[in-house]
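Listing of data_31.txt; format and content: compact mmCIF, C-alpha atoms.
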# COMPACT_ATOMS: atom_id res chain seq x y z
CA MET P 1 0.00 0.00 0.00
CA SER P 2 3.04 2.29 -0.11
CA ASP P 3 2.59 5.43 -2.18
CA PRO P 4 4.90 5.43 -5.23
CA SER P 5 5.51 9.16 -4.81
CA GLU P 6 6.86 8.38 -1.33
CA GLU P 7 8.78 5.14 -1.86
CA GLY P 8 9.52 5.36 -5.57
CA LEU P 9 12.53 6.72 -7.39
CA LEU P 10 10.87 8.83 -10.06
CA LEU P 11 10.99 12.58 -9.52
CA ALA P 12 7.30 13.51 -9.77
CA PRO P 13 6.87 16.90 -8.08
CA LYS P 14 3.46 17.59 -6.62
CA PHE P 15 2.90 21.19 -7.69
CA ASP P 16 0.22 23.16 -5.83
CA ALA P 17 -2.76 24.96 -7.40
CA ASP P 18 -0.39 27.75 -8.49
CA GLY P 19 2.04 25.27 -10.05
CA LEU P 20 4.66 25.64 -7.33
CA VAL P 21 6.67 23.56 -4.88
CA THR P 22 8.28 24.97 -1.74
CA CYS P 23 12.05 25.21 -1.68
CA VAL P 24 14.14 25.24 1.51
CA VAL P 25 17.67 26.57 1.02
CA THR P 26 20.48 25.88 3.47
CA ASP P 27 24.19 26.61 3.44
CA ALA P 28 25.88 23.35 2.41
CA LYS P 29 28.82 23.93 4.75
CA SER P 30 27.30 25.42 7.91
CA GLY P 31 23.81 23.94 7.59
CA GLU P 32 22.32 27.39 8.28
CA LEU P 33 18.83 28.04 6.90
CA LEU P 34 19.27 30.82 4.35
CA MET P 35 15.85 31.27 2.77
CA VAL P 36 12.57 29.72 1.66
CA ALA P 37 11.46 30.21 -1.93
CA HIS P 38 9.25 28.57 -4.56
CA MET P 39 9.86 26.78 -7.84
CA ASN P 40 7.60 26.16 -10.79
CA ALA P 41 8.35 23.33 -13.21
CA GLU P 42 10.64 25.52 -15.30
CA ALA P 43 12.66 26.76 -12.29
CA LEU P 44 13.03 23.17 -11.11
CA ARG P 45 14.16 22.00 -14.55
CA ARG P 46 16.71 24.79 -14.89
CA THR P 47 18.07 24.17 -11.40
CA VAL P 48 18.50 20.44 -12.02
CA GLU P 49 20.06 20.98 -15.44
CA SER P 50 22.42 23.82 -14.47
CA GLY P 51 23.22 23.13 -10.82
CA GLU P 52 22.50 26.82 -10.13
CA ALA P 53 19.41 27.90 -8.15
CA TRP P 54 16.41 29.21 -10.08
CA TYR P 55 13.13 30.18 -8.42
CA PHE P 56 9.70 31.51 -9.25
CA SER P 57 8.72 34.78 -7.60
CA ARG P 58 5.13 34.67 -6.35
CA SER P 59 4.96 38.47 -6.03
CA ARG P 60 6.48 39.25 -9.43
CA LYS P 61 5.04 36.12 -11.07
CA ALA P 62 8.33 35.59 -12.85
CA LEU P 63 11.07 33.04 -13.22
CA TRP P 64 14.15 34.29 -11.43
CA LYS P 65 17.76 33.17 -11.29
CA LYS P 66 19.07 33.71 -7.77
CA GLY P 67 21.72 36.42 -7.98
CA GLU P 68 20.72 37.73 -11.40
CA ASN P 69 20.66 41.29 -10.01
CA SER P 70 22.88 41.04 -6.94
CA GLY P 71 25.47 38.60 -8.25
CA HIS P 72 24.78 36.51 -5.15
CA THR P 73 24.20 33.26 -7.00
CA GLN P 74 23.78 29.86 -5.40
CA ARG P 75 25.59 26.74 -6.59
CA VAL P 76 23.62 23.66 -5.64
CA ILE P 77 25.76 21.08 -3.84
CA GLU P 78 22.90 18.68 -3.15
CA MET P 79 19.19 18.67 -3.89
CA ARG P 80 16.60 16.52 -2.14
CA VAL P 81 12.85 16.06 -2.36
CA ASP P 82 10.51 15.30 0.52
CA CYS P 83 8.21 12.33 1.08
CA ASP P 84 5.18 13.69 -0.78
CA GLN P 85 7.28 15.60 -3.32
CA ASP P 86 5.78 19.02 -2.68
CA ALA P 87 8.98 20.45 -1.20
CA VAL P 88 12.62 20.40 -2.24
CA TRP P 89 15.75 21.12 -0.24
CA LEU P 90 18.78 22.79 -1.78
CA LYS P 91 22.10 22.68 0.02
CA VAL P 92 23.98 25.51 -1.64
CA GLU P 93 27.26 27.30 -1.82
CA GLN P 94 26.10 30.90 -1.39
CA HIS P 95 28.20 33.28 -3.45
CA GLY P 96 28.67 36.81 -2.15
CA PRO P 97 27.86 38.15 1.31
CA GLY P 98 24.27 37.01 1.69
CA ALA P 99 21.03 35.44 0.47
CA CYS P 100 18.49 37.94 1.83
CA HIS P 101 17.34 40.97 -0.15
CA THR P 102 17.39 43.00 3.11
CA GLY P 103 21.20 42.78 3.12
CA ARG P 104 21.65 39.86 5.48
CA ARG P 105 23.16 36.42 5.16
CA SER P 106 19.88 34.67 6.02
CA CYS P 107 16.24 35.75 5.78
CA PHE P 108 15.63 34.38 9.28
CA TYR P 109 17.07 37.19 11.44
CA ARG P 110 14.20 37.57 13.94
CA VAL P 111 13.17 35.28 16.78
CA VAL P 112 9.55 34.76 17.80
CA PRO P 113 9.53 34.47 21.61
CA LEU P 114 7.51 31.52 22.92
CA LYS P 115 5.00 31.11 25.74
CA GLN P 116 3.41 34.44 24.78
CA THR P 117 -0.15 35.51 24.15
CA GLY P 118 -1.52 38.54 22.29
CA ALA P 119 0.72 40.78 20.17
CA ILE P 120 4.20 39.30 19.82
CA ALA P 121 7.37 41.43 19.87
CA LEU P 122 10.10 39.86 17.72
CA GLN P 123 13.76 39.91 18.72
CA PHE P 124 16.61 40.49 16.27
CA ARG P 125 19.10 37.60 16.14
CA ASP P 126 22.01 37.22 13.68
CA ALA P 127 20.60 40.39 12.12
CA GLU P 128 23.77 42.26 11.20
CA LYS P 129 23.80 43.44 7.61
CA THR P 130 26.48 41.85 5.47
CA PHE P 131 25.87 44.09 2.46
CA ASP P 132 24.03 47.26 1.51
CA PRO P 133 20.96 46.27 -0.53
CA ASN P 134 20.68 49.81 -1.95
CA ALA P 135 24.12 49.44 -3.48
CA VAL P 136 23.48 45.93 -4.77
CA TYR P 137 20.02 46.03 -6.28
CA ASP P 138 18.85 48.18 -9.17
CA LYS P 139 16.64 50.90 -7.82
CA LYS P 140 13.64 51.85 -9.91
CA MET L 141 11.77 53.24 2.69
CA SER L 142 12.35 50.06 4.71
CA ASP L 143 9.33 47.78 4.95
CA PRO L 144 8.04 47.52 8.55
CA SER L 145 7.27 43.84 8.05
CA GLU L 146 10.97 43.35 7.23
CA GLU L 147 12.69 45.67 9.70
CA GLY L 148 10.03 45.94 12.40
CA LEU L 149 9.56 43.94 15.56
CA LEU L 150 5.87 43.17 15.39
CA LEU L 151 4.96 39.63 14.42
CA ALA L 152 2.63 40.17 11.46
CA PRO L 153 2.51 36.91 9.48
CA LYS L 154 1.75 37.26 5.79
CA PHE L 155 -0.70 34.41 5.26
CA ASP L 156 -1.27 33.25 1.69
CA ALA L 157 -4.62 33.03 -0.11
CA ASP L 158 -5.35 29.83 1.84
CA GLY L 159 -4.49 31.50 5.14
CA LEU L 160 -1.20 29.65 5.58
CA VAL L 161 2.48 30.32 6.16
CA THR L 162 5.22 27.82 5.33
CA CYS L 163 7.02 26.20 8.24
CA VAL L 164 10.55 24.76 8.04
CA VAL L 165 11.40 22.35 10.85
CA THR L 166 14.96 21.47 11.80
CA ASP L 167 16.47 19.43 14.61
CA ALA L 168 17.68 21.97 17.18
CA LYS L 169 20.73 19.89 18.04
CA SER L 170 21.95 18.49 14.71
CA GLY L 171 20.56 21.19 12.42
CA GLU L 172 19.10 18.46 10.17
CA LEU L 173 16.07 19.44 8.09
CA LEU L 174 13.24 17.26 9.36
CA MET L 175 10.15 18.43 7.48
CA VAL L 176 8.25 21.26 5.83
CA ALA L 177 4.69 21.94 6.93
CA HIS L 178 2.13 24.74 7.04
CA MET L 179 0.50 26.78 9.77
CA ASN L 180 -2.70 28.77 9.80
CA ALA L 181 -3.20 31.55 12.37
CA GLU L 182 -4.54 29.12 14.95
CA ALA L 183 -1.65 26.66 14.56
CA LEU L 184 0.79 29.55 14.87
CA ARG L 185 -0.95 30.88 17.98
CA ARG L 186 -1.02 27.47 19.65
CA THR L 187 2.64 26.84 18.83
CA VAL L 188 3.73 30.19 20.28
CA GLU L 189 1.60 29.79 23.37
CA SER L 190 2.45 26.16 24.12
CA GLY L 191 5.98 25.76 22.77
CA GLU L 192 4.81 22.54 21.07
CA ALA L 193 4.50 22.31 17.27
CA TRP L 194 1.01 22.62 15.77
CA TYR L 195 0.39 22.62 12.01
CA PHE L 196 -2.44 22.84 9.52
CA SER L 197 -2.84 19.92 7.14
CA ARG L 198 -3.57 21.08 3.60
CA SER L 199 -4.80 17.64 2.54
CA ARG L 200 -7.02 17.04 5.56
CA LYS L 201 -7.86 20.74 5.99
CA ALA L 202 -7.47 20.36 9.72
CA LEU L 203 -5.47 21.73 12.60
CA TRP L 204 -3.04 19.11 13.77
CA LYS L 205 -0.74 18.76 16.74
CA LYS L 206 2.47 17.08 15.65
CA GLY L 207 2.61 13.69 17.33
CA GLU L 208 -1.07 13.54 18.27
CA ASN L 209 -1.31 10.06 16.71
CA SER L 210 2.29 8.87 16.73
CA GLY L 211 3.41 10.37 20.04
CA HIS L 212 6.30 11.91 18.09
CA THR L 213 5.74 15.45 19.37
CA GLN L 214 8.08 18.36 18.76
CA ARG L 215 9.15 20.76 21.51
CA VAL L 216 10.10 24.10 20.00
CA ILE L 217 13.49 25.31 21.16
CA GLU L 218 13.55 28.41 18.97
CA MET L 219 11.15 29.95 16.46
CA ARG L 220 12.09 32.51 13.81
CA VAL L 221 10.25 34.36 11.08
CA ASP L 222 11.67 35.34 7.70
CA CYS L 223 12.08 38.78 6.13
CA ASP L 224 8.63 39.03 4.55
CA GLN L 225 6.94 37.01 7.30
CA ASP L 226 5.47 34.34 5.06
CA ALA L 227 7.67 31.56 6.46
CA VAL L 228 8.64 30.46 9.95
CA TRP L 229 11.46 28.26 11.14
CA LEU L 230 11.12 25.91 14.09
CA LYS L 231 14.20 24.45 15.72
CA VAL L 232 12.75 21.51 17.60
CA GLU L 233 13.54 18.70 19.95
CA GLN L 234 11.99 15.78 18.08
CA HIS L 235 10.52 13.25 20.46
CA GLY L 236 10.44 9.61 19.38
CA PRO L 237 12.30 8.03 16.48
CA GLY L 238 11.29 10.31 13.63
CA ALA L 239 9.33 13.17 12.09
CA CYS L 240 8.24 11.59 8.80
CA HIS L 241 5.01 9.64 8.42
CA THR L 242 6.84 7.14 6.19
CA GLY L 243 8.78 5.93 9.24
CA ARG L 244 11.96 7.94 8.82
CA ARG L 245 13.71 10.56 10.88
CA SER L 246 13.44 13.21 8.12
CA CYS L 247 11.08 13.63 5.17
CA PHE L 248 14.06 14.42 2.92
CA TYR L 249 15.42 10.91 2.26
CA ARG L 250 15.87 11.11 -1.53
CA VAL L 251 18.45 13.02 -3.54
CA VAL L 252 17.68 14.62 -6.90
CA PRO L 253 20.80 14.15 -9.05
CA LEU L 254 21.95 17.31 -10.83
CA LYS L 255 23.10 18.05 -14.36
CA GLN L 256 20.35 15.81 -15.72
CA THR L 257 17.73 16.28 -18.38
CA GLY L 258 14.48 14.41 -18.98
CA ALA L 259 13.04 11.96 -16.44
CA ILE L 260 15.00 12.08 -13.18
CA ALA L 261 15.80 8.97 -11.13
CA LEU L 262 16.01 9.79 -7.42
CA GLN L 263 18.56 8.19 -5.11
CA PHE L 264 17.81 7.11 -1.54
CA ARG L 265 19.99 8.85 1.08
CA ASP L 266 19.59 8.60 4.89
CA ALA L 267 16.50 6.56 4.03
CA GLU L 268 16.62 3.87 6.71
CA LYS L 269 13.36 3.49 8.59
CA THR L 270 13.57 4.36 12.26
CA PHE L 271 10.05 3.15 13.07
CA ASP L 272 7.23 1.13 11.54
CA PRO L 273 4.49 3.55 10.48
CA ASN L 274 1.94 0.72 10.39
CA ALA L 275 2.53 0.09 14.07
CA VAL L 276 2.50 3.78 14.99
CA TYR L 277 -0.43 5.26 13.10
CA ASP L 278 -4.06 4.30 13.41
CA LYS L 279 -5.08 2.39 10.32
CA LYS L 280 -8.54 3.06 8.96
If you convert what's in this file into structure tokens, what do you get?
Amino acid sequence: MSDPSEEGLLLAPKFDADGLVTCVVTDAKSGELLMVAHMNAEALRRTVESGEAWYFSRSRKALWKKGENSGHTQRVIEMRVDCDQDAVWLKVEQHGPGACHTGRRSCFYRVVPLKQTGAIALQFRDAEKTFDPNAVYDKK
Amino acid sequence: MSDPSEEGLLLAPKFDADGLVTCVVTDAKSGELLMVAHMNAEALRRTVESGEAWYFSRSRKALWKKGENSGHTQRVIEMRVDCDQDAVWLKVEQHGPGACHTGRRSCFYRVVPLKQTGAIALQFRDAEKTFDPNAVYDKK
């Protein structure tokens, strides 16, 4: 009764209603979580074929090569898929000083304190800027 | 011109059209990626308040406490939110032998080989079963 998508060896991504899978990106060396992004079929294909990370921007509705503006590309060291094939994991070599468009190494620079109720005040953690996004990205 | 959701300290999750944020779950000690899940506002609130992981199942359309059937609960050691607040990261203490419903420690037990075109054959990696899902989950 095992599900072939779970126990089989054919890559058969389960895209959501918008045609996307979730992508978790970690630093291949340190293991640090850098970012979460999305891939459509074309981004997935290009990533597998090239070994460089491509994503699909939900806000811009556009295919996007990581680093195409900033130069902060990601070389994929290992790629995995999860049990139900609706998420992939990229272990990458992050080129340049960071993965986050806010100018930080990781997008996850704020802690949510636990055992709280009501409005939650976040706490900065590992939040130092490693580059100036205004200098790196084209400004419209 | 900085975005308050990015540089501010108020938790203001950006739920998607289905009312969900993405949740990345890693082992607090080893750093290993265990699973990717989703949270609605109620799952997020319960997780923050209790320090135990709650999710929202997209397939079952139901709130779900991790481990409610298997006993394999997750105690949250640290919780973070990403730059645009549409993803959270839980560093957890995984109770029991695994996080994946297929009987493995992690859901990411298959590698996608790179520099390939056409149909992709996955490769098992870290795929040994740490428990028997048939013995752990209620069978209908």
Please provide the set of residues having any atom within 8 Å of Val176 (chain L), restricted to only C-alpha atoms, with same-chain residues fewer than 4 positions apart removed, written as a ChimeraX atom specification. /P:87 /L:162-165
Dump as a PDB file, in the coordinates of the input, selection limited to C-alpha atoms:
ATOM      1  CA  ALA P  87       8.980  20.450  -1.200  1.00  0.00           C
TER       2      ALA P  87
ATOM      3  CA  THR L 162       5.220  27.820   5.330  1.00  0.00           C
ATOM      4  CA  CYS L 163       7.020  26.200   8.240  1.00  0.00           C
ATOM      5  CA  VAL L 164      10.550  24.760   8.040  1.00  0.00           C
ATOM      6  CA  VAL L 165      11.400  22.350  10.850  1.00  0.00           C
TER       7      VAL L 165
END
Find the residues near Leu20 (chain P): any atom within 8 Å, counting only C-alpha atoms, skip ones fewer than 6 places away on the same chain, and give them as number ranges by chain. P: 38-41, 56
Using only C-alpha atoms, determine which residues lie at most 10 Å from Cys247 (chain L), disregarding the query and same-chain residues fewer than 4 positions distant; provide the list as an mmCIF file with C-alpha atoms, in the coordinates of the input.
data_model
loop_
_atom_site.group_PDB
_atom_site.id
_atom_site.type_symbol
_atom_site.label_atom_id
_atom_site.label_comp_id
_atom_site.auth_asym_id
_atom_site.auth_seq_id
_atom_site.Cartn_x
_atom_site.Cartn_y
_atom_site.Cartn_z
ATOM 1 C CA GLU P 6 6.860 8.380 -1.330
ATOM 2 C CA ARG P 80 16.600 16.520 -2.140
ATOM 3 C CA VAL P 81 12.850 16.060 -2.360
ATOM 4 C CA ASP P 82 10.510 15.300 0.520
ATOM 5 C CA CYS P 83 8.210 12.330 1.080
ATOM 6 C CA ASP P 84 5.180 13.690 -0.780
ATOM 7 C CA GLN P 85 7.280 15.600 -3.320
ATOM 8 C CA ALA P 87 8.980 20.450 -1.200
ATOM 9 C CA LEU L 173 16.070 19.440 8.090
ATOM 10 C CA LEU L 174 13.240 17.260 9.360
ATOM 11 C CA MET L 175 10.150 18.430 7.480
ATOM 12 C CA VAL L 176 8.250 21.260 5.830
ATOM 13 C CA GLY L 238 11.290 10.310 13.630
ATOM 14 C CA ALA L 239 9.330 13.170 12.090
ATOM 15 C CA CYS L 240 8.240 11.590 8.800
ATOM 16 C CA HIS L 241 5.010 9.640 8.420
ATOM 17 C CA THR L 242 6.840 7.140 6.190
ATOM 18 C CA GLY L 243 8.780 5.930 9.240
ATOM 19 C CA ASP L 266 19.590 8.600 4.890
ATOM 20 C CA ALA L 267 16.500 6.560 4.030
#
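Using all atoms listed in the file, the nearest neighbour of chain L within the list P:Ser57, P:Ser30, P:Ser70, P:Gln116 is P:Gln116.
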P:Lys61, P:Lys14, P:Asn69, P:Trp89: which is nearest Ala135 (chain P), counting only C-alpha atoms? P:Asn69
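CA of Leu254 (chain L) sits 4.8 Å away from CA of Val48 (chain P).
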Neighbours of chain P in chain L at 7 Å, counting all atoms listed in the file, as an MDAnalysis selection string: chainID L and resid 149:151 171 188:191 219:223 247:252 254:257 260:263
Distance criterion (only C-alpha atoms): nearest to Arg198 (chain L) out of P:Ser5, P:Asp16, P:Gln74, P:Glu128: P:Asp16
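For the pair CA of Leu63 (chain P) and CA of Pro4 (chain P), the interatomic distance is 29.4 Å.
For the pair CA of Ser59 (chain P) and CA of Gly71 (chain P), the interatomic distance is 20.6 Å.
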Compile the contact shell of Lys66 (chain P) as a PyMOL selection string: residues with an atom at most 8 Å away, counting all atoms listed in the file, same-chain residues fewer than 4 positions apart removed. chain P and resi 53-55+72-74
Preceding selection exported with C-alpha atoms as a compact mmCIF listing (two decimals), in the frame of the given file:
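The file below, part.txt, is the result:
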# COMPACT_ATOMS: atom_id res chain seq x y z
CA ALA P 53 19.41 27.90 -8.15
CA TRP P 54 16.41 29.21 -10.08
CA TYR P 55 13.13 30.18 -8.42
CA HIS P 72 24.78 36.51 -5.15
CA THR P 73 24.20 33.26 -7.00
CA GLN P 74 23.78 29.86 -5.40
Which residues, written as a list in words, have at least one atom at most 6 Å from Ala28 (chain P), with all atoms listed in the file counted and residues fewer than 2 positions away on the same chain left out?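 Listing them by chain and then by number gives Gly31, Lys91, Val92 and Glu93 of chain P.
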Go through L:Phe155, L:Tyr277, L:Trp204, L:Thr270 one by one, measure the shortest atom-to-atom distance of each to Gly236 (chain L) using all atoms listed in the file, and give the residue with the smallest value.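 The answer is L:Thr270, which sits nearest to Gly236 (chain L).
Proximity ranking of P:Phe131, P:Glu42, P:Asp27, P:Gly67 relative to Pro13 (chain P) places P:Glu42 first, based on only C-alpha atoms.
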Could you complete region 108-119 of chain P so that it carries all heavy atoms, and give it back as a PDB file, keeping the file's coordinate frame?
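Written out: rebuild.pdb:
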ATOM      1  N   PHE P 108      16.222  34.682   7.971  1.00  0.00           N
ATOM      2  CA  PHE P 108      15.630  34.380   9.280  1.00  0.00           C
ATOM      3  C   PHE P 108      16.423  35.059  10.392  1.00  0.00           C
ATOM      4  O   PHE P 108      17.164  34.407  11.118  1.00  0.00           O
ATOM      5  CB  PHE P 108      15.548  32.864   9.471  1.00  0.00           C
ATOM      6  CG  PHE P 108      14.547  32.213   8.564  1.00  0.00           C
ATOM      7  CD1 PHE P 108      14.891  31.852   7.258  1.00  0.00           C
ATOM      8  CD2 PHE P 108      13.241  31.993   8.978  1.00  0.00           C
ATOM      9  CE1 PHE P 108      13.962  31.274   6.403  1.00  0.00           C
ATOM     10  CE2 PHE P 108      12.308  31.410   8.126  1.00  0.00           C
ATOM     11  CZ  PHE P 108      12.663  31.051   6.837  1.00  0.00           C
ATOM     12  N   TYR P 109      16.255  36.379  10.526  1.00  0.00           N
ATOM     13  CA  TYR P 109      17.070  37.190  11.440  1.00  0.00           C
ATOM     14  C   TYR P 109      16.244  37.706  12.627  1.00  0.00           C
ATOM     15  O   TYR P 109      16.689  38.593  13.330  1.00  0.00           O
ATOM     16  CB  TYR P 109      17.728  38.344  10.678  1.00  0.00           C
ATOM     17  CG  TYR P 109      16.772  39.151   9.824  1.00  0.00           C
ATOM     18  CD1 TYR P 109      16.001  40.159  10.392  1.00  0.00           C
ATOM     19  CD2 TYR P 109      16.608  38.871   8.466  1.00  0.00           C
ATOM     20  CE1 TYR P 109      15.110  40.887   9.611  1.00  0.00           C
ATOM     21  CE2 TYR P 109      15.712  39.586   7.688  1.00  0.00           C
ATOM     22  CZ  TYR P 109      14.967  40.588   8.263  1.00  0.00           C
ATOM     23  OH  TYR P 109      14.078  41.289   7.496  1.00  0.00           O
ATOM     24  N   ARG P 110      15.024  37.160  12.798  1.00  0.00           N
ATOM     25  CA  ARG P 110      14.200  37.570  13.940  1.00  0.00           C
ATOM     26  C   ARG P 110      13.595  36.363  14.635  1.00  0.00           C
ATOM     27  O   ARG P 110      13.021  35.479  13.986  1.00  0.00           O
ATOM     28  CB  ARG P 110      13.083  38.523  13.484  1.00  0.00           C
ATOM     29  CG  ARG P 110      13.608  39.915  13.126  1.00  0.00           C
ATOM     30  CD  ARG P 110      12.526  40.784  12.521  1.00  0.00           C
ATOM     31  NE  ARG P 110      12.024  40.196  11.280  1.00  0.00           N
ATOM     32  CZ  ARG P 110      11.152  40.793  10.474  1.00  0.00           C
ATOM     33  NH1 ARG P 110      10.680  41.990  10.790  1.00  0.00           N
ATOM     34  NH2 ARG P 110      10.753  40.202   9.381  1.00  0.00           N
ATOM     35  N   VAL P 111      13.706  36.366  15.965  1.00  0.00           N
ATOM     36  CA  VAL P 111      13.170  35.280  16.780  1.00  0.00           C
ATOM     37  C   VAL P 111      11.757  35.639  17.234  1.00  0.00           C
ATOM     38  O   VAL P 111      11.478  36.802  17.560  1.00  0.00           O
ATOM     39  CB  VAL P 111      14.087  35.048  18.001  1.00  0.00           C
ATOM     40  CG1 VAL P 111      13.412  34.195  19.066  1.00  0.00           C
ATOM     41  CG2 VAL P 111      15.403  34.409  17.562  1.00  0.00           C
ATOM     42  N   VAL P 112      10.888  34.635  17.237  1.00  0.00           N
ATOM     43  CA  VAL P 112       9.550  34.760  17.800  1.00  0.00           C
ATOM     44  C   VAL P 112       9.592  34.190  19.211  1.00  0.00           C
ATOM     45  O   VAL P 112       9.762  32.987  19.377  1.00  0.00           O
ATOM     46  CB  VAL P 112       8.516  33.967  16.965  1.00  0.00           C
ATOM     47  CG1 VAL P 112       7.113  34.167  17.520  1.00  0.00           C
ATOM     48  CG2 VAL P 112       8.592  34.336  15.485  1.00  0.00           C
ATOM     49  N   PRO P 113       9.462  35.016  20.246  1.00  0.00           N
ATOM     50  CA  PRO P 113       9.530  34.470  21.610  1.00  0.00           C
ATOM     51  C   PRO P 113       8.331  33.572  21.895  1.00  0.00           C
ATOM     52  O   PRO P 113       7.222  33.833  21.424  1.00  0.00           O
ATOM     53  CB  PRO P 113       9.530  35.707  22.497  1.00  0.00           C
ATOM     54  CG  PRO P 113       8.959  36.792  21.668  1.00  0.00           C
ATOM     55  CD  PRO P 113       9.251  36.466  20.239  1.00  0.00           C
ATOM     56  N   LEU P 114       8.562  32.508  22.648  1.00  0.00           N
ATOM     57  CA  LEU P 114       7.510  31.520  22.920  1.00  0.00           C
ATOM     58  C   LEU P 114       6.836  31.785  24.260  1.00  0.00           C
ATOM     59  O   LEU P 114       7.249  32.648  25.011  1.00  0.00           O
ATOM     60  CB  LEU P 114       8.123  30.117  22.894  1.00  0.00           C
ATOM     61  CG  LEU P 114       8.761  29.751  21.552  1.00  0.00           C
ATOM     62  CD1 LEU P 114       9.536  28.452  21.671  1.00  0.00           C
ATOM     63  CD2 LEU P 114       7.696  29.636  20.465  1.00  0.00           C
ATOM     64  N   LYS P 115       5.786  31.000  24.505  1.00  0.00           N
ATOM     65  CA  LYS P 115       5.000  31.110  25.740  1.00  0.00           C
ATOM     66  C   LYS P 115       4.477  32.531  25.913  1.00  0.00           C
ATOM     67  O   LYS P 115       4.552  33.114  26.993  1.00  0.00           O
ATOM     68  CB  LYS P 115       5.822  30.676  26.966  1.00  0.00           C
ATOM     69  CG  LYS P 115       6.488  29.308  26.830  1.00  0.00           C
ATOM     70  CD  LYS P 115       5.480  28.171  26.944  1.00  0.00           C
ATOM     71  CE  LYS P 115       6.118  26.822  26.698  1.00  0.00           C
ATOM     72  NZ  LYS P 115       6.728  26.241  27.892  1.00  0.00           N
ATOM     73  N   GLN P 116       3.973  33.087  24.792  1.00  0.00           N
ATOM     74  CA  GLN P 116       3.410  34.440  24.780  1.00  0.00           C
ATOM     75  C   GLN P 116       1.972  34.365  24.305  1.00  0.00           C
ATOM     76  O   GLN P 116       1.602  33.482  23.551  1.00  0.00           O
ATOM     77  CB  GLN P 116       4.172  35.313  23.764  1.00  0.00           C
ATOM     78  CG  GLN P 116       5.674  35.360  23.940  1.00  0.00           C
ATOM     79  CD  GLN P 116       6.097  36.380  24.958  1.00  0.00           C
ATOM     80  OE1 GLN P 116       5.559  37.473  24.976  1.00  0.00           O
ATOM     81  NE2 GLN P 116       7.031  36.020  25.813  1.00  0.00           N
ATOM     82  N   THR P 117       1.188  35.347  24.714  1.00  0.00           N
ATOM     83  CA  THR P 117      -0.150  35.510  24.150  1.00  0.00           C
ATOM     84  C   THR P 117      -0.291  36.945  23.667  1.00  0.00           C
ATOM     85  O   THR P 117       0.470  37.821  24.079  1.00  0.00           O
ATOM     86  CB  THR P 117      -1.258  35.219  25.180  1.00  0.00           C
ATOM     87  OG1 THR P 117      -1.026  36.055  26.308  1.00  0.00           O
ATOM     88  CG2 THR P 117      -1.243  33.771  25.611  1.00  0.00           C
ATOM     89  N   GLY P 118      -1.285  37.171  22.781  1.00  0.00           N
ATOM     90  CA  GLY P 118      -1.520  38.540  22.290  1.00  0.00           C
ATOM     91  C   GLY P 118      -0.477  38.940  21.272  1.00  0.00           C
ATOM     92  O   GLY P 118       0.104  38.102  20.588  1.00  0.00           O
ATOM     93  N   ALA P 119      -0.243  40.261  21.146  1.00  0.00           N
ATOM     94  CA  ALA P 119       0.720  40.780  20.170  1.00  0.00           C
ATOM     95  C   ALA P 119       2.125  40.336  20.560  1.00  0.00           C
ATOM     96  O   ALA P 119       2.490  40.377  21.733  1.00  0.00           O
ATOM     97  CB  ALA P 119       0.637  42.305  20.115  1.00  0.00           C
TER      98      ALA P 119
END
